[in-house]
Amino acid sequence: MPTASSPPEPRRRLGEHGLAWAFLLPSVVVFALFILYPLGRTFYLSAHANDLFGAPSRYVGTKHYTDLLGSADFRHTLVTTALFVLFTVVPGVLGALLLVLLMEGRIRGVRLLRSAFALPFAFSVASASVVFSVFYNPASGVLNGLLSQLGLGPVGWLTDSKWALLSVAVSTIWMNLGYNVLVLSAGIGSIPGEITEAARLDGASGLRLARSVTVPMLGPSLFFLVVISTVNALQSFGQIHILTRGGPDGSTRTLVYSVYEKAFAYGSSDFGTASAQAVVLMVVVLACTAVQFGVLERKVHYA
């Protein structure tokens, strides 16, 4: 029973709740300012037409969404976005997995190799894109120089619609490689040594050890990389803007870059259509994440 000097139970609980909200208040304010308000503003703009200066003028409901769904250009943008995600996520994760498995072998200088493969993580998107723009240069680029040494003609890596999207995807894979290698290396380091040792005693080694023990135990790390890589690919902007600006002929115009073009590029201020595309992008990200959690996570083995 409470003593005469102790505060009543309701008053003490009220004080504890007030203290808890005082600690939470800074995070709530930041969340509201930078997440809730922009999200609500995006929905508001997507339901309104705008004047030449981008200010909302009149309510149009779902017109922007119906116009997008009926647009062949927008459907082409969705296909381009899906191809970009496919070209970057699958090779990026599998390539990092292959490198990490190879580095698990007993070879000299493995620590130096790990550091070398992790270096791309230190490059910003802008600096890495500038480096790749030099590689892809049609006149003096390294890649066309190698092709000329082989007796082959030059390739318009960034100016030919057949190669532009793949070229941007290759640069994106390289940018993400260091992070993927670090995550998978940490995952391998967390595998209990007794499990690997028991598999070796049973005669497992090399490819069999990797297939039966290492890769299944890396399931959580691989699942994490697939989800994060998919979200990052859907939101990629910097390398596309620096290397191709969405061209040629819209062959590298992803959904994020289309939002930028509608809202800001070339003096445009069509914030209504851009906001509708941003909402579609959010739905695509949520749908991809939900499908990955619903399908892939079931096959993940958590130790």
# chains A, B, ... in the order shown; residues from 1 in each chain; ligands from 1
$ closest_atom_pairs --of "segment 51-97 of chain A" --to "segment 248-265 of chain A" --cutoff "10 Å" --atoms "only C-alpha atoms" --output "tab-separated table"
residue	atom	partner	partner_atom	distance
A:Gly54	CA	A:Ala263	CA	8.5
A:Asp73	CA	A:Gly250	CA	8.8
A:Phe74	CA	A:Leu255	CA	8.4
A:Arg75	CA	A:Leu255	CA	9.9
A:His76	CA	A:Gly250	CA	8.5
A:Thr77	CA	A:Thr254	CA	5.5
A:Leu78	CA	A:Leu255	CA	6.5
A:Val79	CA	A:Thr254	CA	8.4
A:Thr80	CA	A:Thr254	CA	5.9
A:Thr81	CA	A:Thr254	CA	4.7
A:Ala82	CA	A:Thr254	CA	8.5
A:Leu83	CA	A:Thr254	CA	9.4
A:Phe84	CA	A:Thr254	CA	7.8
A:Val85	CA	A:Thr254	CA	9.8
$ write_last_selection --atoms "all heavy atoms" --output "short mmCIF file (atom, residue, chain, number, x, y, z; two decimals), in the first residue's frame"
data_model
loop_
_atom_site.label_atom_id
_atom_site.label_comp_id
_atom_site.auth_asym_id
_atom_site.auth_seq_id
_atom_site.Cartn_x
_atom_site.Cartn_y
_atom_site.Cartn_z
N GLY A 54 3.51 26.51 -60.64
CA GLY A 54 3.47 25.31 -59.83
C GLY A 54 2.53 25.36 -58.65
O GLY A 54 2.41 24.37 -57.92
N ASP A 73 3.96 6.59 -72.68
CA ASP A 73 5.27 7.00 -72.16
C ASP A 73 5.46 6.56 -70.71
O ASP A 73 6.55 6.12 -70.32
CB ASP A 73 5.44 8.52 -72.27
CG ASP A 73 5.61 8.99 -73.70
OD1 ASP A 73 6.00 8.15 -74.55
OD2 ASP A 73 5.34 10.18 -73.98
N PHE A 74 4.40 6.68 -69.92
CA PHE A 74 4.51 6.27 -68.52
C PHE A 74 4.67 4.76 -68.40
O PHE A 74 5.44 4.28 -67.56
CB PHE A 74 3.28 6.74 -67.74
CG PHE A 74 3.34 6.42 -66.28
CD1 PHE A 74 4.23 7.09 -65.44
CD2 PHE A 74 2.52 5.45 -65.73
CE1 PHE A 74 4.28 6.80 -64.09
CE2 PHE A 74 2.57 5.15 -64.39
CZ PHE A 74 3.45 5.83 -63.56
N ARG A 75 3.97 4.01 -69.23
CA ARG A 75 4.14 2.55 -69.20
C ARG A 75 5.55 2.17 -69.61
O ARG A 75 6.16 1.24 -69.04
CB ARG A 75 3.10 1.89 -70.11
CG ARG A 75 1.68 1.99 -69.60
CD ARG A 75 0.75 1.03 -70.35
NE ARG A 75 0.64 1.38 -71.75
CZ ARG A 75 -0.29 2.19 -72.24
NH1 ARG A 75 -1.19 2.75 -71.43
NH2 ARG A 75 -0.36 2.46 -73.53
N HIS A 76 6.11 2.88 -70.58
CA HIS A 76 7.50 2.64 -70.97
C HIS A 76 8.45 2.97 -69.81
O HIS A 76 9.44 2.25 -69.59
CB HIS A 76 7.85 3.49 -72.19
CG HIS A 76 9.26 3.31 -72.65
ND1 HIS A 76 10.28 4.16 -72.26
CD2 HIS A 76 9.84 2.39 -73.47
CE1 HIS A 76 11.42 3.77 -72.81
NE2 HIS A 76 11.17 2.70 -73.55
N THR A 77 8.14 4.01 -69.06
CA THR A 77 8.95 4.36 -67.89
C THR A 77 8.90 3.27 -66.84
O THR A 77 9.92 2.92 -66.23
CB THR A 77 8.47 5.69 -67.29
OG1 THR A 77 8.61 6.73 -68.26
CG2 THR A 77 9.25 6.05 -66.05
N LEU A 78 7.73 2.68 -66.62
CA LEU A 78 7.60 1.59 -65.65
C LEU A 78 8.42 0.37 -66.09
O LEU A 78 9.08 -0.27 -65.27
CB LEU A 78 6.14 1.21 -65.47
CG LEU A 78 5.24 2.23 -64.76
CD1 LEU A 78 3.81 1.71 -64.70
CD2 LEU A 78 5.76 2.51 -63.36
N VAL A 79 8.37 0.06 -67.39
CA VAL A 79 9.15 -1.08 -67.90
C VAL A 79 10.64 -0.80 -67.74
O VAL A 79 11.42 -1.68 -67.33
CB VAL A 79 8.79 -1.35 -69.37
CG1 VAL A 79 9.73 -2.40 -69.97
CG2 VAL A 79 7.34 -1.81 -69.49
N THR A 80 11.07 0.41 -68.06
CA THR A 80 12.48 0.78 -67.90
C THR A 80 12.92 0.66 -66.45
O THR A 80 14.02 0.17 -66.14
CB THR A 80 12.72 2.21 -68.40
OG1 THR A 80 12.32 2.30 -69.78
CG2 THR A 80 14.17 2.60 -68.27
N THR A 81 12.05 1.10 -65.53
CA THR A 81 12.37 1.00 -64.11
C THR A 81 12.51 -0.46 -63.68
O THR A 81 13.45 -0.82 -62.95
CB THR A 81 11.27 1.68 -63.28
OG1 THR A 81 11.12 3.04 -63.71
CG2 THR A 81 11.61 1.65 -61.80
N ALA A 82 11.59 -1.32 -64.15
CA ALA A 82 11.67 -2.74 -63.80
C ALA A 82 12.94 -3.38 -64.34
O ALA A 82 13.60 -4.18 -63.65
CB ALA A 82 10.44 -3.47 -64.33
N LEU A 83 13.31 -3.04 -65.58
CA LEU A 83 14.54 -3.59 -66.16
C LEU A 83 15.77 -3.11 -65.39
O LEU A 83 16.71 -3.88 -65.16
CB LEU A 83 14.64 -3.19 -67.63
CG LEU A 83 13.64 -3.86 -68.58
CD1 LEU A 83 13.80 -3.29 -69.99
CD2 LEU A 83 13.85 -5.37 -68.61
N PHE A 84 15.76 -1.84 -65.00
CA PHE A 84 16.90 -1.31 -64.25
C PHE A 84 17.06 -2.03 -62.91
O PHE A 84 18.18 -2.36 -62.49
CB PHE A 84 16.72 0.19 -64.03
CG PHE A 84 17.86 0.84 -63.32
CD1 PHE A 84 19.05 1.10 -63.97
CD2 PHE A 84 17.75 1.21 -61.98
CE1 PHE A 84 20.12 1.70 -63.31
CE2 PHE A 84 18.79 1.81 -61.32
CZ PHE A 84 19.98 2.05 -61.99
N VAL A 85 15.95 -2.29 -62.23
CA VAL A 85 16.00 -3.03 -60.97
C VAL A 85 16.53 -4.44 -61.21
O VAL A 85 17.39 -4.95 -60.46
CB VAL A 85 14.61 -3.07 -60.33
CG1 VAL A 85 14.60 -4.01 -59.12
CG2 VAL A 85 14.17 -1.67 -59.91
#
$ select_by_dssp --residues "segment 105-189 of chain A" --states "helix (DSSP H, G or I)" --output "count of residues only"
58
$ closest_atom_pairs --of "segment 35-141 of chain A" --to "segment 157-180 of chain A" --cutoff "10 Å" --atoms "only C-alpha atoms" --output "tab-separated table"
residue	atom	partner	partner_atom	distance
A:Thr80	CA	A:Leu165	CA	8.2
A:Thr81	CA	A:Leu165	CA	9.8
A:Leu83	CA	A:Leu165	CA	8.4
A:Phe84	CA	A:Ala169	CA	6.4
A:Val85	CA	A:Ala169	CA	8.5
A:Leu86	CA	A:Ala169	CA	9.2
A:Phe87	CA	A:Ala169	CA	6.0
A:Thr88	CA	A:Ala169	CA	5.5
A:Val89	CA	A:Ile173	CA	7.8
A:Val90	CA	A:Ile173	CA	9.5
A:Pro91	CA	A:Ile173	CA	7.3
A:Gly92	CA	A:Ile173	CA	5.2
A:Val93	CA	A:Asn180	CA	6.7
A:Leu94	CA	A:Asn180	CA	9.5
A:Gly95	CA	A:Leu177	CA	8.0
A:Ala96	CA	A:Asn180	CA	5.8
A:Leu97	CA	A:Asn180	CA	8.1
A:Leu99	CA	A:Leu177	CA	9.7
A:Val100	CA	A:Asn180	CA	9.4
A:Arg114	CA	A:Gly178	CA	9.0
A:Ser115	CA	A:Gly178	CA	8.8
A:Ala116	CA	A:Gly178	CA	8.5
A:Phe117	CA	A:Gly178	CA	5.6
A:Ala118	CA	A:Gly178	CA	3.8
A:Leu119	CA	A:Gly178	CA	5.9
A:Pro120	CA	A:Gly178	CA	5.0
A:Phe121	CA	A:Gly178	CA	4.6
A:Ala122	CA	A:Gly178	CA	8.0
A:Phe123	CA	A:Met175	CA	7.3
A:Ser124	CA	A:Met175	CA	8.2
A:Val125	CA	A:Met175	CA	7.2
A:Ala128	CA	A:Met175	CA	7.1
A:Ser129	CA	A:Ser171	CA	7.2
A:Val131	CA	A:Ser171	CA	9.4
A:Phe132	CA	A:Ser171	CA	6.7
A:Ser133	CA	A:Leu158	CA	8.4
A:Phe135	CA	A:Trp157	CA	9.3
A:Tyr136	CA	A:Trp157	CA	5.8
A:Asn137	CA	A:Trp157	CA	7.8
A:Pro138	CA	A:Trp157	CA	7.3
A:Gly141	CA	A:Trp157	CA	9.9
$ residues_around --residues "Ser221 of chain A" --least-positions-apart "4" --cutoff "8 Å" --atoms "only C-alpha atoms" --output "PyMOL selection string"
chain A and resi 183-184+187+225
$ select_by_dssp --residues "segment 52-219 of chain A" --states "strand (DSSP E)" --output "PyMOL selection string"
chain A and resi 56-59
$ closest_residue --among "A:Arg11, A:Ala72, A:Ile191, A:Ala47" --to "Val60 of chain A" --atoms "only C-alpha atoms"
A:Ala47
$ atom_distance --atom1 "atom CA of Tyr44 of chain A" --atom2 "atom CA of Ser269 of chain A"
15.4 Å
